Each structure stands twice: as C-alpha cells, then as structure tokens.
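Data block below; observations after.
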Amino acid sequence: MNNQRREILKAGGGLGLFGLLAAAGLITPGEARAEWNKAAFDAKTIDETLKALGATAPANSADVQLTAPDIAENGAVVPVGVVSTLAGVEAIAILVEKNPNPLAASFMLPVGTEPSVQTRVKMGQTSDVYALVKAGGKFFIAKKEIKVTLGGCGG
Amino acid sequence: MADPMKIRASAKDGITEVKVLMSHEMETGQRKDSSGNLVPAHFITEITAEHNGRQVLAGQFGTAISKNPYLAFKFKGGAKGDKLSVSWVDSKGDKRTDEVQIA
C-alpha cells in the first residue's frame, strides 16, 4: 500500500490529483492516505464543511451515537466519542458548529476497524456538536448540544 | 523534537483497543500572546496507526483538537505481542512515530 501511495503521489504531483480527490469526498481507506483536507478544515460553516467532505444532506440517524458531556466546564478539553452500529463504516468526522472552523477531526477506517473513536476537542462556546459517519457510500449524522461554561479559545 | 507518545494497546476477545496520548501544543493560530501578537498555528494534521504494518486508522486533525491530543479506537484482530505503531505529522512537517507491543 505504501508503494502504491508513493506511485500515486508521484503521478499526481502531490496536490493536484489529491486535492481533487479530497475535495470530492473522503478517500476510501486502503486506496491511499488522503492529503490533509484543507478545504474541509478551513470551511467556516457546517454546510461548507459538509460540502467539502462530499457529504451533502446527510441523513439523521439513530445508529450514530455521539458521546459527550451535556455540560463541559472547560472548553479546552471536551471529551467526544463517536460510535456507530451501522455496517461498513468507512469514515467518521467530528464537527463543532460554533468553532471558527467546525471540522475538528476526520478518521478513515479501513476494513476491520471498529466504528468507535474517542478524542478531546476544544470548544469556544456552547454549541451543537455533530458526528458524521460515512457507511456504504452514504452519510449519516447525529448531533448533541454541549454547554460550555469556560471557553477553550481565550488567550 | 516532540516528546514520545503514550500508547496503550490491549487485545481482548479478538478486538484490540488502542489509546494514544500525544504530546503536542496544538496551537490554533487564533490565540494572542501577552504582547498581543498572534501565535502562529502549529498542530498535528495527520495521524496513522499500523498493526504489524497494516494500516488500521488514518485520521486528520484540525486546530480544534485539544492540546496533547488523546485518541482511542478499536480494531478487529491483534494478539498479545503484536506490534502497533502510531505516527503523526504536524503543520510544520515535524513527525513522530512510536511503537508498542499489544498487551
């Protein structure tokens, strides 16, 4: 796979091909490791981010669970977990609506990796947090509001 | 060079659970220092995990991931003694790879 990636990188001259692929959606794991998706991470609204991820109009799904506290005392460290019971999950992304750039992280899960990730994010203020899951080529989303009593982005 | 990651990987009932704690400032580029100048962004952008050379996770981080990022995930397979390595690359091109044996 590493060899393949090198070939692709060589052929694509880095950004050109990869930028396109990344802009077109989350690249399927196993094919290649995506270059950092600048368009998606630089997007300033949820809609722009979803568009940059190729996830237009994701369906609300009860099969996507976002685990996070209702109230986060410290916005600098908010534990967020995403678990899904959907089959064939290929990718998971975490979005914080009111952050300057909503996309916090995206993960590509090769076959055999469980649809379950946990991390910690910064939140500037109380906001809806979204878990976006790509399974079987379709996008599903779940959201939860997290109240922040102390913002994570103050100096 | 960044400090080593703390990685814990444990296999149970055919599933390996991995917990990683990276050591990184994760500077957003939106914070100002005491004299009011913007502190330039410096954060981990990509993280990958491999089990015996096979990729089990590829992640991309934005600036909203907390300082000293924590990441936990699970994958099928993996036995005690197998190698699990985690690598990251940050926005300045710094890299770090650490390896542990699955417990």
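Letters A, B, ... mark the chains of the structure tokens in the order given; residue numbers begin at 1 per chain; ligand numbers begin at 1, in order shown.
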
Taking only C-alpha atoms into account, produce a table as JSON lines in which each residue of chain A with an atom at most 10 Å from an atom of chain B appears once, together with its shortest atom pair and the distance in Å to one decimal, ordered by chain and rising number.
```
{"residue": "A:Met1", "atom": "CA", "partner": "B:Arg54", "partner_atom": "CA", "distance": 8.7}
{"residue": "A:Asn2", "atom": "CA", "partner": "B:Gln55", "partner_atom": "CA", "distance": 9.8}
{"residue": "A:Pro29", "atom": "CA", "partner": "B:Ala58", "partner_atom": "CA", "distance": 7.8}
{"residue": "A:Gly30", "atom": "CA", "partner": "B:Gln55", "partner_atom": "CA", "distance": 7.9}
{"residue": "A:Ala32", "atom": "CA", "partner": "B:Ala58", "partner_atom": "CA", "distance": 9.9}
{"residue": "A:Arg33", "atom": "CA", "partner": "B:Ala58", "partner_atom": "CA", "distance": 7.1}
{"residue": "A:Ala34", "atom": "CA", "partner": "B:Ala58", "partner_atom": "CA", "distance": 8.6}
{"residue": "A:Glu35", "atom": "CA", "partner": "B:Glu46", "partner_atom": "CA", "distance": 8.5}
{"residue": "A:Trp36", "atom": "CA", "partner": "B:Gln60", "partner_atom": "CA", "distance": 6.4}
{"residue": "A:Asn37", "atom": "CA", "partner": "B:Gln60", "partner_atom": "CA", "distance": 7.8}
{"residue": "A:Lys38", "atom": "CA", "partner": "B:Gly62", "partner_atom": "CA", "distance": 9.1}
{"residue": "A:Ala40", "atom": "CA", "partner": "B:Gly62", "partner_atom": "CA", "distance": 9.4}
{"residue": "A:Phe41", "atom": "CA", "partner": "B:Gly62", "partner_atom": "CA", "distance": 6.0}
{"residue": "A:Asp42", "atom": "CA", "partner": "B:Gly62", "partner_atom": "CA", "distance": 8.7}
{"residue": "A:Gly75", "atom": "CA", "partner": "B:Ser66", "partner_atom": "CA", "distance": 9.2}
{"residue": "A:Ala76", "atom": "CA", "partner": "B:Ser66", "partner_atom": "CA", "distance": 6.1}
{"residue": "A:Val77", "atom": "CA", "partner": "B:Ser66", "partner_atom": "CA", "distance": 5.6}
{"residue": "A:Val78", "atom": "CA", "partner": "B:Ser66", "partner_atom": "CA", "distance": 7.9}
{"residue": "A:Pro79", "atom": "CA", "partner": "B:Tyr70", "partner_atom": "CA", "distance": 8.9}
{"residue": "A:Val80", "atom": "CA", "partner": "B:Leu71", "partner_atom": "CA", "distance": 9.9}
{"residue": "A:Gly81", "atom": "CA", "partner": "B:Ala72", "partner_atom": "CA", "distance": 8.8}
{"residue": "A:Val82", "atom": "CA", "partner": "B:Phe73", "partner_atom": "CA", "distance": 9.9}
{"residue": "A:Val83", "atom": "CA", "partner": "B:Phe73", "partner_atom": "CA", "distance": 9.9}
{"residue": "A:Ala91", "atom": "CA", "partner": "B:Gly59", "partner_atom": "CA", "distance": 9.3}
{"residue": "A:Ile92", "atom": "CA", "partner": "B:Gly59", "partner_atom": "CA", "distance": 9.1}
{"residue": "A:Ala93", "atom": "CA", "partner": "B:Gln60", "partner_atom": "CA", "distance": 9.2}
{"residue": "A:Ile94", "atom": "CA", "partner": "B:Phe61", "partner_atom": "CA", "distance": 9.7}
{"residue": "A:Leu95", "atom": "CA", "partner": "B:Ala64", "partner_atom": "CA", "distance": 9.2}
{"residue": "A:Val96", "atom": "CA", "partner": "B:Ala64", "partner_atom": "CA", "distance": 8.4}
{"residue": "A:Asn99", "atom": "CA", "partner": "B:Ala64", "partner_atom": "CA", "distance": 7.7}
{"residue": "A:Pro100", "atom": "CA", "partner": "B:Ala64", "partner_atom": "CA", "distance": 8.9}
{"residue": "A:Asn101", "atom": "CA", "partner": "B:Ala64", "partner_atom": "CA", "distance": 7.8}
{"residue": "A:Pro102", "atom": "CA", "partner": "B:Ala64", "partner_atom": "CA", "distance": 8.0}
{"residue": "A:Leu103", "atom": "CA", "partner": "B:Gly62", "partner_atom": "CA", "distance": 6.5}
{"residue": "A:Ala104", "atom": "CA", "partner": "B:Gly62", "partner_atom": "CA", "distance": 4.8}
{"residue": "A:Ala105", "atom": "CA", "partner": "B:Phe61", "partner_atom": "CA", "distance": 4.4}
{"residue": "A:Ser106", "atom": "CA", "partner": "B:Gln60", "partner_atom": "CA", "distance": 5.2}
{"residue": "A:Phe107", "atom": "CA", "partner": "B:Gly59", "partner_atom": "CA", "distance": 4.1}
{"residue": "A:Met108", "atom": "CA", "partner": "B:Ala58", "partner_atom": "CA", "distance": 5.1}
{"residue": "A:Leu109", "atom": "CA", "partner": "B:Leu57", "partner_atom": "CA", "distance": 5.4}
{"residue": "A:Pro110", "atom": "CA", "partner": "B:Val56", "partner_atom": "CA", "distance": 5.8}
{"residue": "A:Val111", "atom": "CA", "partner": "B:Val56", "partner_atom": "CA", "distance": 8.0}
{"residue": "A:Gly112", "atom": "CA", "partner": "B:Lys76", "partner_atom": "CA", "distance": 5.2}
{"residue": "A:Thr113", "atom": "CA", "partner": "B:Phe75", "partner_atom": "CA", "distance": 3.9}
{"residue": "A:Glu114", "atom": "CA", "partner": "B:Phe75", "partner_atom": "CA", "distance": 5.1}
{"residue": "A:Pro115", "atom": "CA", "partner": "B:Lys74", "partner_atom": "CA", "distance": 7.8}
{"residue": "A:Ser116", "atom": "CA", "partner": "B:Phe73", "partner_atom": "CA", "distance": 5.8}
{"residue": "A:Val117", "atom": "CA", "partner": "B:Phe73", "partner_atom": "CA", "distance": 4.6}
{"residue": "A:Gln118", "atom": "CA", "partner": "B:Ala72", "partner_atom": "CA", "distance": 5.0}
{"residue": "A:Thr119", "atom": "CA", "partner": "B:Leu71", "partner_atom": "CA", "distance": 4.6}
{"residue": "A:Arg120", "atom": "CA", "partner": "B:Ser66", "partner_atom": "CA", "distance": 5.6}
{"residue": "A:Val121", "atom": "CA", "partner": "B:Ile65", "partner_atom": "CA", "distance": 4.3}
{"residue": "A:Lys122", "atom": "CA", "partner": "B:Ala64", "partner_atom": "CA", "distance": 5.0}
{"residue": "A:Met123", "atom": "CA", "partner": "B:Ala64", "partner_atom": "CA", "distance": 7.2}
{"residue": "A:Gly124", "atom": "CA", "partner": "B:Ala64", "partner_atom": "CA", "distance": 9.2}
{"residue": "A:Gly152", "atom": "CA", "partner": "B:Ser66", "partner_atom": "CA", "distance": 8.8}
{"residue": "A:Cys153", "atom": "CA", "partner": "B:Arg31", "partner_atom": "CA", "distance": 6.9}
{"residue": "A:Gly154", "atom": "CA", "partner": "B:Arg31", "partner_atom": "CA", "distance": 6.9}
{"residue": "A:Gly155", "atom": "CA", "partner": "B:Arg31", "partner_atom": "CA", "distance": 5.5}
```

Surrounding residues of Ser84 (chain A) excluding itself and chain neighbours under 2 positions, 6 Å, only C-alpha atoms, as a ChimeraX atom specification: /A:63-65,86,115

Hey, can you spit out that residue selection with C-alpha atoms as a short mmCIF file (atom, residue, chain, number, x, y, z; two decimals), in the first residue's frame?
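out29.cif written:
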```
data_model
loop_
_atom_site.label_atom_id
_atom_site.label_comp_id
_atom_site.auth_asym_id
_atom_site.auth_seq_id
_atom_site.Cartn_x
_atom_site.Cartn_y
_atom_site.Cartn_z
CA ASP A 63 -27.40 4.45 14.57
CA VAL A 64 -24.80 7.13 15.12
CA GLN A 65 -24.10 7.95 18.75
CA LEU A 86 -24.11 0.89 11.05
CA PRO A 115 -16.70 2.36 14.19
#
```

Å distance separating CA of Asp47 (chain A) from CA of Lys147 (chain A), one decimal place: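 Separating CA of Asp47 (chain A) from CA of Lys147 (chain A) is a distance of 21.6 Å.
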
Selection near Asn52 (chain B), 9 Å with only C-alpha atoms, sequence-local residues under 3 positions removed, as number ranges by chain: B: 55, 78, 82-85

Atomic separation - CA of Gly14 (chain B) relative to CA of Gln101 (chain B), Å: 15.6 Å

Among the residues A:Ala72, A:Thr149, A:Ser61, A:Lys98, the one that comes closest to Lys134 (chain A) [using only C-alpha atoms]: A:Ser61

All strand (DSSP E or B) residues (DSSP, backbone) inside region 11-131 of chain A, as a ChimeraX atom specification: /A:59-60,64-67,71-72,78-84,89-96,103-108,113-121,127-131

Please produce a file of the residues just selected, as a tab-separated table (two decimals), in the first residue's frame, where the atoms kept are N, CA and C atoms.
```
chain	number	residue	atom	x	y	z
A	59	ALA	N	-28.21	12.05	6.27
A	59	ALA	CA	-29.45	11.67	6.94
A	59	ALA	C	-29.22	11.60	8.45
A	60	ASN	N	-30.19	12.12	9.22
A	60	ASN	CA	-30.11	11.94	10.67
A	60	ASN	C	-30.27	10.47	10.97
A	64	VAL	N	-26.03	6.41	14.86
A	64	VAL	CA	-24.80	7.13	15.12
A	64	VAL	C	-24.93	7.73	16.51
A	65	GLN	N	-24.02	7.40	17.40
A	65	GLN	CA	-24.10	7.95	18.75
A	65	GLN	C	-22.90	8.83	19.04
A	66	LEU	N	-23.23	9.99	19.56
A	66	LEU	CA	-22.20	10.94	19.94
A	66	LEU	C	-22.17	10.96	21.46
A	67	THR	N	-21.07	10.55	22.03
A	67	THR	CA	-20.97	10.57	23.49
A	67	THR	C	-20.13	11.75	23.91
A	71	ILE	N	-22.64	19.23	29.79
A	71	ILE	CA	-22.01	20.49	30.15
A	71	ILE	C	-20.51	20.26	30.27
A	72	ALA	N	-19.75	21.08	29.57
A	72	ALA	CA	-18.29	20.98	29.66
A	72	ALA	C	-17.81	22.18	30.45
A	78	VAL	N	-12.78	18.91	25.81
A	78	VAL	CA	-14.12	18.32	25.86
A	78	VAL	C	-14.04	16.92	25.26
A	79	PRO	N	-14.24	15.89	26.09
A	79	PRO	CA	-14.16	14.54	25.55
A	79	PRO	C	-15.35	14.24	24.63
A	80	VAL	N	-15.06	13.78	23.44
A	80	VAL	CA	-16.11	13.46	22.47
A	80	VAL	C	-15.84	12.09	21.89
A	81	GLY	N	-16.88	11.27	21.86
A	81	GLY	CA	-16.72	9.95	21.27
A	81	GLY	C	-17.81	9.71	20.24
A	82	VAL	N	-17.48	8.97	19.21
A	82	VAL	CA	-18.47	8.62	18.19
A	82	VAL	C	-18.47	7.10	18.05
A	83	VAL	N	-19.69	6.54	18.16
A	83	VAL	CA	-19.85	5.11	17.99
A	83	VAL	C	-21.02	4.91	17.03
A	84	SER	N	-20.89	3.93	16.15
A	84	SER	CA	-22.00	3.67	15.24
A	84	SER	C	-22.28	2.18	15.17
A	89	VAL	N	-18.83	1.00	8.08
A	89	VAL	CA	-18.46	2.41	8.29
A	89	VAL	C	-17.06	2.65	7.72
A	90	GLU	N	-16.96	3.67	6.87
A	90	GLU	CA	-15.68	3.96	6.21
A	90	GLU	C	-14.99	5.17	6.81
A	91	ALA	N	-15.78	6.08	7.32
A	91	ALA	CA	-15.18	7.31	7.82
A	91	ALA	C	-16.05	7.94	8.90
A	92	ILE	N	-15.39	8.65	9.81
A	92	ILE	CA	-16.08	9.35	10.89
A	92	ILE	C	-15.48	10.74	10.98
A	93	ALA	N	-16.34	11.75	11.15
A	93	ALA	CA	-15.83	13.10	11.34
A	93	ALA	C	-16.55	13.75	12.52
A	94	ILE	N	-15.85	14.64	13.20
A	94	ILE	CA	-16.42	15.36	14.33
A	94	ILE	C	-16.42	16.85	14.00
A	95	LEU	N	-17.60	17.48	14.14
A	95	LEU	CA	-17.75	18.89	13.80
A	95	LEU	C	-18.33	19.66	14.97
A	96	VAL	N	-17.77	20.82	15.25
A	96	VAL	CA	-18.28	21.70	16.30
A	96	VAL	C	-18.80	22.96	15.61
A	103	LEU	N	-14.84	21.75	11.48
A	103	LEU	CA	-14.29	20.39	11.44
A	103	LEU	C	-13.15	20.23	12.45
A	104	ALA	N	-13.32	19.31	13.38
A	104	ALA	CA	-12.28	19.08	14.38
A	104	ALA	C	-11.37	17.94	13.95
A	105	ALA	N	-11.97	16.87	13.45
A	105	ALA	CA	-11.17	15.71	13.08
A	105	ALA	C	-11.96	14.83	12.14
A	106	SER	N	-11.24	14.14	11.27
A	106	SER	CA	-11.89	13.12	10.45
A	106	SER	C	-11.01	11.89	10.47
A	107	PHE	N	-11.66	10.75	10.47
A	107	PHE	CA	-10.94	9.48	10.55
A	107	PHE	C	-11.39	8.58	9.42
A	108	MET	N	-10.43	7.90	8.83
A	108	MET	CA	-10.76	6.90	7.82
A	108	MET	C	-10.52	5.53	8.41
A	113	THR	N	-11.57	-2.14	11.27
A	113	THR	CA	-11.51	-1.18	12.37
A	113	THR	C	-12.93	-0.85	12.81
A	114	GLU	N	-13.14	-0.91	14.11
A	114	GLU	CA	-14.49	-0.73	14.66
A	114	GLU	C	-14.92	0.74	14.53
A	115	PRO	N	-16.22	0.97	14.24
A	115	PRO	CA	-16.70	2.36	14.19
A	115	PRO	C	-16.84	2.95	15.59
A	116	SER	N	-15.71	3.22	16.20
A	116	SER	CA	-15.70	3.74	17.56
A	116	SER	C	-14.42	4.53	17.78
A	117	VAL	N	-14.54	5.85	17.89
A	117	VAL	CA	-13.37	6.67	18.18
A	117	VAL	C	-13.70	7.66	19.29
A	118	GLN	N	-12.69	7.95	20.08
A	118	GLN	CA	-12.84	8.98	21.11
A	118	GLN	C	-11.65	9.92	21.03
A	119	THR	N	-11.93	11.19	21.24
A	119	THR	CA	-10.85	12.15	21.32
A	119	THR	C	-11.30	13.30	22.21
A	120	ARG	N	-10.51	14.36	22.23
A	120	ARG	CA	-10.87	15.54	23.02
A	120	ARG	C	-10.77	16.75	22.12
A	121	VAL	N	-11.78	17.61	22.19
A	121	VAL	CA	-11.79	18.79	21.32
A	121	VAL	C	-11.88	20.07	22.13
A	127	SER	N	-22.28	24.96	21.94
A	127	SER	CA	-22.52	24.72	20.52
A	127	SER	C	-23.08	23.32	20.30
A	128	ASP	N	-23.70	23.17	19.14
A	128	ASP	CA	-24.05	21.82	18.71
A	128	ASP	C	-22.78	21.14	18.19
A	129	VAL	N	-22.64	19.88	18.53
A	129	VAL	CA	-21.52	19.09	18.03
A	129	VAL	C	-22.10	17.98	17.17
A	130	TYR	N	-21.53	17.76	16.00
A	130	TYR	CA	-22.05	16.78	15.07
A	130	TYR	C	-21.08	15.61	14.90
A	131	ALA	N	-21.64	14.45	14.78
A	131	ALA	CA	-20.86	13.27	14.41
A	131	ALA	C	-21.33	12.86	13.03
```

Two-atom distance - CA of Ala41 (chain B), CA of Met26 (chain B) (Å):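 Answer for the CA of Ala41 (chain B) to CA of Met26 (chain B) separation: 7.7 Å.
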
Selection near Thr56 (chain A), 9 Å with only C-alpha atoms, sequence-local residues under 3 positions removed, as a PyMOL selection string: chain A and resi 47+50-53+139

Export of prior selection with N, CA and C atoms as a compact mmCIF listing (two decimals), in the first residue's frame:
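What ended up in out_34.txt:
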```txt
# COMPACT_ATOMS: atom_id res chain seq x y z
N ASP A 47 -22.38 23.75 6.77
CA ASP A 47 -22.74 23.43 5.39
C ASP A 47 -21.52 23.37 4.49
N LEU A 50 -19.52 20.21 5.27
CA LEU A 50 -20.15 19.01 4.72
C LEU A 50 -19.91 18.94 3.21
N LYS A 51 -20.01 20.10 2.57
CA LYS A 51 -19.80 20.15 1.13
C LYS A 51 -18.37 19.73 0.78
N ALA A 52 -17.42 20.27 1.56
CA ALA A 52 -16.01 19.96 1.31
C ALA A 52 -15.72 18.48 1.55
N LEU A 53 -16.51 17.86 2.41
CA LEU A 53 -16.33 16.44 2.69
C LEU A 53 -17.12 15.58 1.71
N PHE A 139 -23.92 9.13 3.83
CA PHE A 139 -23.55 9.88 5.02
C PHE A 139 -24.70 9.93 6.02
```
